[in-house]
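Asks: My structure file coords12.cif, mmCIF, C-alpha atoms, is below:
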data_my_file
#
loop_
_atom_site.label_atom_id
_atom_site.label_comp_id
_atom_site.auth_asym_id
_atom_site.auth_seq_id
_atom_site.Cartn_x
_atom_site.Cartn_y
_atom_site.Cartn_z
CA ILE A 1 102.01 92.45 116.64
CA ASP A 2 105.24 91.06 118.06
CA ILE A 3 107.22 93.97 116.59
CA VAL A 4 104.81 96.48 118.17
CA LYS A 5 105.11 94.78 121.56
CA GLY A 6 108.89 94.60 121.24
CA ILE A 7 109.43 98.28 120.44
CA ILE A 8 107.10 99.35 123.26
CA THR A 9 109.16 97.30 125.70
CA SER A 10 112.31 98.86 124.23
CA GLY A 11 111.20 102.43 124.92
CA ALA A 12 108.73 103.58 122.27
CA ASP A 13 106.25 105.99 123.91
CA MET A 14 103.64 105.82 121.15
CA ILE A 15 102.80 103.64 118.16
CA GLU A 16 101.92 105.04 114.73
CA LEU A 17 100.29 102.46 112.49
CA GLY A 18 100.40 103.29 108.80
CA ILE A 19 97.27 102.52 106.79
CA PRO A 20 98.41 101.08 103.43
CA PHE A 21 97.44 103.05 100.33
CA SER A 22 98.38 102.71 96.67
CA ASP A 23 99.51 106.35 96.28
CA PRO A 24 101.34 107.45 99.46
CA LEU A 25 102.29 110.87 98.11
CA ALA A 26 103.98 112.18 101.28
CA ASP A 27 106.23 109.15 101.58
CA GLY A 28 109.63 108.21 100.18
CA PRO A 29 110.93 104.87 98.85
CA THR A 30 110.92 102.92 102.12
CA ILE A 31 107.30 103.54 103.03
CA GLN A 32 106.22 103.32 99.39
CA MET A 33 107.71 99.82 99.38
CA THR A 34 106.03 98.83 102.64
CA ASN A 35 102.67 100.11 101.37
CA PHE A 36 103.09 97.96 98.25
CA GLU A 37 104.01 94.88 100.28
CA ALA A 38 101.21 95.43 102.79
CA LEU A 39 98.57 95.82 100.09
CA GLY A 40 99.86 92.71 98.37
CA ASN A 41 99.48 90.79 101.63
CA GLY A 42 95.87 91.94 102.04
CA ALA A 43 96.40 94.58 104.72
CA ASN A 44 93.73 97.27 104.83
CA LEU A 45 91.89 99.58 107.17
CA ARG A 46 89.76 96.81 108.62
CA SER A 47 92.83 94.70 109.44
CA ALA A 48 94.47 97.75 111.05
CA ILE A 49 91.46 98.20 113.35
CA GLU A 50 91.70 94.51 114.25
CA LEU A 51 95.40 94.96 114.97
CA VAL A 52 94.61 97.70 117.50
CA ARG A 53 92.03 95.45 119.15
CA ILE A 54 94.59 92.67 119.55
CA ILE A 55 97.27 94.98 120.93
CA ARG A 56 94.81 96.41 123.44
CA LYS A 57 94.25 92.98 124.97
CA ASP A 58 97.66 93.27 126.62
CA ASP A 59 98.34 97.01 126.55
CA GLY A 60 95.75 99.60 127.51
CA GLU A 61 98.27 102.35 128.14
CA THR A 62 100.45 103.02 125.10
CA PRO A 63 98.90 105.61 122.76
CA ILE A 64 98.16 104.23 119.28
CA ILE A 65 97.46 106.43 116.28
CA PHE A 66 96.61 105.81 112.63
CA MET A 67 98.46 107.70 109.91
CA GLY A 68 96.83 107.32 106.55
CA TYR A 69 95.59 109.01 103.43
CA TYR A 70 92.05 110.29 103.14
CA ASN A 71 90.86 108.03 100.30
CA PRO A 72 90.71 104.78 102.36
CA PHE A 73 89.02 106.63 105.24
CA LEU A 74 86.43 108.19 102.93
CA ASN A 75 85.80 104.86 101.22
CA TYR A 76 85.32 103.14 104.59
CA GLY A 77 83.12 105.96 105.86
CA THR A 78 84.73 108.40 108.27
CA GLY A 79 81.90 108.13 110.79
CA ASN A 80 82.06 104.32 110.80
CA LEU A 81 85.85 104.38 110.99
CA LEU A 82 86.03 106.66 113.99
CA LYS A 83 83.29 104.83 115.91
CA GLU A 84 84.92 101.43 115.32
CA ALA A 85 88.41 102.75 116.02
CA ALA A 86 87.28 104.33 119.28
CA LEU A 87 85.72 101.05 120.41
CA VAL A 88 89.01 99.17 119.99
CA GLY A 89 91.06 101.88 121.70
CA LEU A 90 92.61 104.09 119.01
CA ASP A 91 93.88 107.40 120.39
CA GLY A 92 94.69 109.58 117.40
CA LEU A 93 94.53 110.14 113.66
CA ILE A 94 96.86 111.79 111.13
CA VAL A 95 95.65 112.43 107.57
CA PRO A 96 98.53 114.05 105.64
CA ASP A 97 96.63 114.78 102.43
CA LEU A 98 93.49 116.29 103.98
CA PRO A 99 93.66 120.10 103.60
CA LEU A 100 92.91 122.16 106.70
CA GLU A 101 90.12 123.94 104.85
CA GLU A 102 88.34 120.63 104.24
CA SER A 103 89.02 118.88 107.54
CA SER A 104 86.34 120.36 109.83
CA ARG A 105 83.95 117.41 109.48
CA MET A 106 86.62 114.84 110.29
CA VAL A 107 87.90 116.98 113.17
CA GLU A 108 84.40 117.14 114.64
CA GLU A 109 83.80 113.41 114.16
CA SER A 110 87.15 112.65 115.79
CA LYS A 111 86.37 114.78 118.82
CA ALA A 112 82.90 113.24 119.12
CA ASN A 113 84.53 109.80 119.38
CA GLY A 114 87.32 110.82 121.75
CA ILE A 115 90.06 110.54 119.11
CA HIS A 116 92.70 113.23 118.71
CA PHE A 117 93.02 114.79 115.25
CA ILE A 118 96.73 115.52 114.76
CA PRO A 119 97.73 118.12 112.15
CA LEU A 120 100.95 118.26 110.14
CA LEU A 121 102.89 121.52 109.84
CA SER A 122 105.94 122.09 107.67
CA PRO A 123 108.66 124.74 107.16
CA THR A 124 106.48 126.33 104.46
CA SER A 125 103.45 126.76 106.77
CA THR A 126 102.42 130.37 107.26
CA ASP A 127 101.59 131.75 110.70
CA GLU A 128 97.94 131.84 109.64
CA ARG A 129 97.93 128.13 108.80
CA ILE A 130 99.86 127.29 111.95
CA SER A 131 97.19 129.07 113.99
CA LEU A 132 94.36 127.27 112.17
CA ALA A 133 96.02 123.87 112.53
CA CYS A 134 96.65 124.38 116.23
CA SER A 135 93.03 125.37 116.79
CA GLN A 136 91.98 121.96 115.42
CA ALA A 137 94.75 119.93 117.01
CA GLY A 138 94.42 117.27 119.66
CA GLY A 139 97.07 115.17 121.38
CA PHE A 140 100.09 116.80 119.79
CA VAL A 141 101.23 118.74 116.74
CA TYR A 142 103.32 116.90 114.13
CA CYS A 143 106.12 119.11 112.90
CA VAL A 144 107.51 118.00 109.52
CA SER A 145 111.23 118.72 109.55
CA LEU A 146 111.66 119.29 105.82
CA THR A 147 109.96 120.16 102.56
CA GLY A 148 109.98 116.70 101.05
CA VAL A 149 108.86 113.12 101.55
CA THR A 150 109.51 110.71 104.40
CA GLY A 151 112.77 108.79 104.50
CA ALA A 152 115.95 108.39 106.50
CA ARG A 153 118.42 111.25 106.08
CA LYS A 154 122.09 111.69 106.95
CA LYS A 155 121.41 114.86 108.91
CA LEU A 156 118.54 116.91 110.26
CA SER A 157 117.11 119.70 108.19
CA SER A 158 118.26 123.16 109.23
CA GLY A 159 115.67 125.59 110.53
CA ILE A 160 113.52 123.01 112.31
CA GLU A 161 114.04 124.66 115.70
CA VAL A 162 112.70 127.93 114.29
CA LEU A 163 109.56 126.17 113.07
CA VAL A 164 108.98 124.56 116.47
CA ASP A 165 109.33 127.97 118.14
CA ARG A 166 106.79 129.44 115.70
CA ILE A 167 104.32 126.65 116.47
CA ARG A 168 104.74 127.07 120.25
CA LYS A 169 103.33 130.59 119.98
CA HIS A 170 99.99 129.07 118.96
CA THR A 171 99.59 126.01 121.20
CA ASP A 172 100.42 124.44 124.55
CA LEU A 173 100.23 120.93 123.07
CA PRO A 174 103.40 118.84 122.76
CA ILE A 175 105.25 119.26 119.46
CA LEU A 176 106.81 116.18 117.85
CA VAL A 177 109.28 116.30 114.98
CA GLY A 178 109.27 113.73 112.18
CA PHE A 179 110.56 113.01 108.65
CA GLY A 180 114.24 112.18 108.28
CA ILE A 181 114.92 111.13 111.90
CA THR A 182 117.51 108.37 111.79
CA SER A 183 119.86 108.24 114.76
CA ARG A 184 120.24 108.68 118.49
CA ALA A 185 122.08 111.92 117.75
CA ASP A 186 118.99 113.18 115.88
CA VAL A 187 116.76 112.33 118.83
CA LEU A 188 119.08 114.06 121.29
CA GLU A 189 119.23 117.16 119.11
CA ILE A 190 115.44 117.29 118.72
CA GLY A 191 115.04 116.83 122.46
CA LYS A 192 116.69 120.19 123.04
CA PHE A 193 113.71 122.10 121.60
CA ALA A 194 110.82 119.70 120.89
CA ASP A 195 108.84 117.16 122.92
CA GLY A 196 109.47 114.03 120.89
CA ALA A 197 110.76 112.46 117.70
CA VAL A 198 108.79 110.38 115.19
CA VAL A 199 110.76 107.62 113.46
CA GLY A 200 109.24 105.63 110.59
CA SER A 201 111.44 104.91 107.59
CA ALA A 202 114.60 104.21 109.60
CA LEU A 203 112.73 101.65 111.71
CA LEU A 204 111.27 99.98 108.63
CA ASP A 205 114.71 99.92 107.00
CA SER A 206 116.10 98.11 110.06
CA ILE A 207 113.33 95.51 109.84
CA SER A 208 113.69 94.95 106.09
CA THR A 209 117.42 94.32 106.41
CA ALA A 210 117.15 92.06 109.48
CA LYS A 211 118.06 88.41 109.25
CA LEU A 212 115.09 86.14 108.74
CA GLY A 213 113.50 85.37 112.09
CA ARG A 214 115.24 88.23 113.88
CA GLU A 215 112.96 91.08 112.81
CA VAL A 216 111.48 91.62 116.28
CA GLU A 217 114.87 91.59 117.96
CA THR A 218 116.33 93.98 115.37
CA ALA A 219 113.42 96.44 115.61
CA SER A 220 113.51 96.36 119.40
CA ARG A 221 117.23 97.01 119.53
CA PHE A 222 116.94 99.88 117.04
CA ILE A 223 114.25 101.62 119.11
CA GLY A 224 116.12 100.88 122.34
CA GLN A 225 119.14 102.72 120.97
CA LEU A 226 117.05 105.73 119.93
CA ALA A 227 115.16 105.86 123.21
CA LEU A 228 118.38 105.68 125.25
CA LYS A 229 116.95 102.73 127.12
CA GLU A 230 119.42 101.07 129.43
CA GLY A 231 120.90 97.90 128.00
CA PHE A 232 120.98 99.03 124.36
#
For this file, produce the structure as structure tokens.
Replies:
Amino acid sequence: IDIVKGIITSGADMIELGIPFSDPLADGPTIQMTNFEALGNGANLRSAIELVRIIRKDDGETPIIFMGYYNPFLNYGTGNLLKEAALVGLDGLIVPDLPLEESSRMVEESKANGIHFIPLLSPTSTDERISLACSQAGGFVYCVSLTGVTGARKKLSSGIEVLVDRIRKHTDLPILVGFGITSRADVLEIGKFADGAVVGSALLDSISTAKLGREVETASRFIGQLALKEGF
């Protein structure tokens, strides 16, 4: 909770809370490790909903979204999940392993509860799939910068600007770029053609390497540097 509050103060525009799962197939080593640690500490979907409720006591403005795999949502009951999540103030949902062809029920349930269903599109997405994803999308479209798993990279994948331009032909929603975003230079480059950058693994790496007791400070400073917030 303190880390979330710290990075919002430091310039984060939105918070993505990962729902821990034993087989995070879209994620690289960093988020695989954090899933393992979170599960070992008893974190689950119910505790994530409670986390949103606690955050909302002090912050009713910052968008909060869940990113998680379909199995925990299905096990919990998608209808129950979305109703409970809406009551505590969740804004959006990303389900990376739910195929577009099988997502209509969850899209409808999300809309019925005022929660944005946010699709993922990658460099391998065809124009047909881009069009279908955009027709279901709410909030923003998540543009995956590479054909691979999450994780900090030394440089951005080439061709990402082309993908963003292709997506823009099908939607007026903001387009955010994620996977492999590491530095302020990455954020500045993405800002030339997209509407935002999603940073996960690099933030978690900064926290895991922080000195004991300085995790909040380290995370806040890292996000402050990415967000170009004055004083960092």
Asks: Counting all atoms listed in the file, which residue out of A:Lys5, A:Leu25, A:Tyr70, A:Glu84 sits closest to Ala48 (chain A)?
Replies: A:Glu84
Asks: Write out as a PyMOL selection string which residues come within 12 Å of Phe193 (chain A) when counting only C-alpha atoms, dropping same-chain ones fewer than 5 positions away.
Replies: chain A and resi 143+159-168+174-177+186-188
Asks: List the residues selected by the PyMOL selection byres ((chain A and resi 211-226) around 6) in the file shown, writing them as a ChimeraX atom specification.
Replies: /A:3,6-7,10-11,184,207,210,227-229,232
Asks: For the structure provided, state which residues fall under the PyMOL selection byres ((chain A and resi 60-69) around 8), and present them as a ChimeraX atom specification.
Replies: /A:8,13-21,24,52,56-59,70-73,89-98
Asks: Export C-alpha atoms of the chosen residues as a CSV table (one decimal), keeping the file's coordinate frame?
Replies:
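To be explicit, this is the file written out as out_7.csv:
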chain,number,residue,atom,x,y,z
A,8,ILE,CA,107.1,99.4,123.3
A,13,ASP,CA,106.2,106.0,123.9
A,14,MET,CA,103.6,105.8,121.2
A,15,ILE,CA,102.8,103.6,118.2
A,16,GLU,CA,101.9,105.0,114.7
A,17,LEU,CA,100.3,102.5,112.5
A,18,GLY,CA,100.4,103.3,108.8
A,19,ILE,CA,97.3,102.5,106.8
A,20,PRO,CA,98.4,101.1,103.4
A,21,PHE,CA,97.4,103.0,100.3
A,24,PRO,CA,101.3,107.4,99.5
A,52,VAL,CA,94.6,97.7,117.5
A,56,ARG,CA,94.8,96.4,123.4
A,57,LYS,CA,94.2,93.0,125.0
A,58,ASP,CA,97.7,93.3,126.6
A,59,ASP,CA,98.3,97.0,126.6
A,70,TYR,CA,92.0,110.3,103.1
A,71,ASN,CA,90.9,108.0,100.3
A,72,PRO,CA,90.7,104.8,102.4
A,73,PHE,CA,89.0,106.6,105.2
A,89,GLY,CA,91.1,101.9,121.7
A,90,LEU,CA,92.6,104.1,119.0
A,91,ASP,CA,93.9,107.4,120.4
A,92,GLY,CA,94.7,109.6,117.4
A,93,LEU,CA,94.5,110.1,113.7
A,94,ILE,CA,96.9,111.8,111.1
A,95,VAL,CA,95.6,112.4,107.6
A,96,PRO,CA,98.5,114.0,105.6
A,97,ASP,CA,96.6,114.8,102.4
A,98,LEU,CA,93.5,116.3,104.0
Asks: For this structure, which residues satisfy the selection - the PyMOL selection byres ((chain A and resi 113-129) around 7) - when it is evaluated on the file as given? I want them as a VMD selection string.
Replies: chain A and resid 82 to 83 86 90 to 94 96 107 109 to 112 130 to 133 137 to 147 163
Asks: Quote the spacing between CA of Glu37 (chain A) and CA of Ser208 (chain A) in Å to one decimal place.
Replies: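 Value for the CA of Glu37 (chain A)-CA of Ser208 (chain A) distance: 11.3 Å.
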Asks: Which residue is closest to Gly77 (chain A)? Choose from A:Ser206, A:Pro29, A:Leu45, A:Lys192 and count only C-alpha atoms.
Replies: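 The closest residue to Gly77 (chain A) is A:Leu45.
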Asks: Please, what distance in Å, to one decimal, runs between CA of Ile54 (chain A) and CA of Met106 (chain A)?
Replies: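 Separating CA of Ile54 (chain A) from CA of Met106 (chain A) is a distance of 25.3 Å.
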Asks: At what distance in Å, to one decimal, does CA of Ala202 (chain A) lie from CA of Thr182 (chain A)?
Replies: 5.5 Å
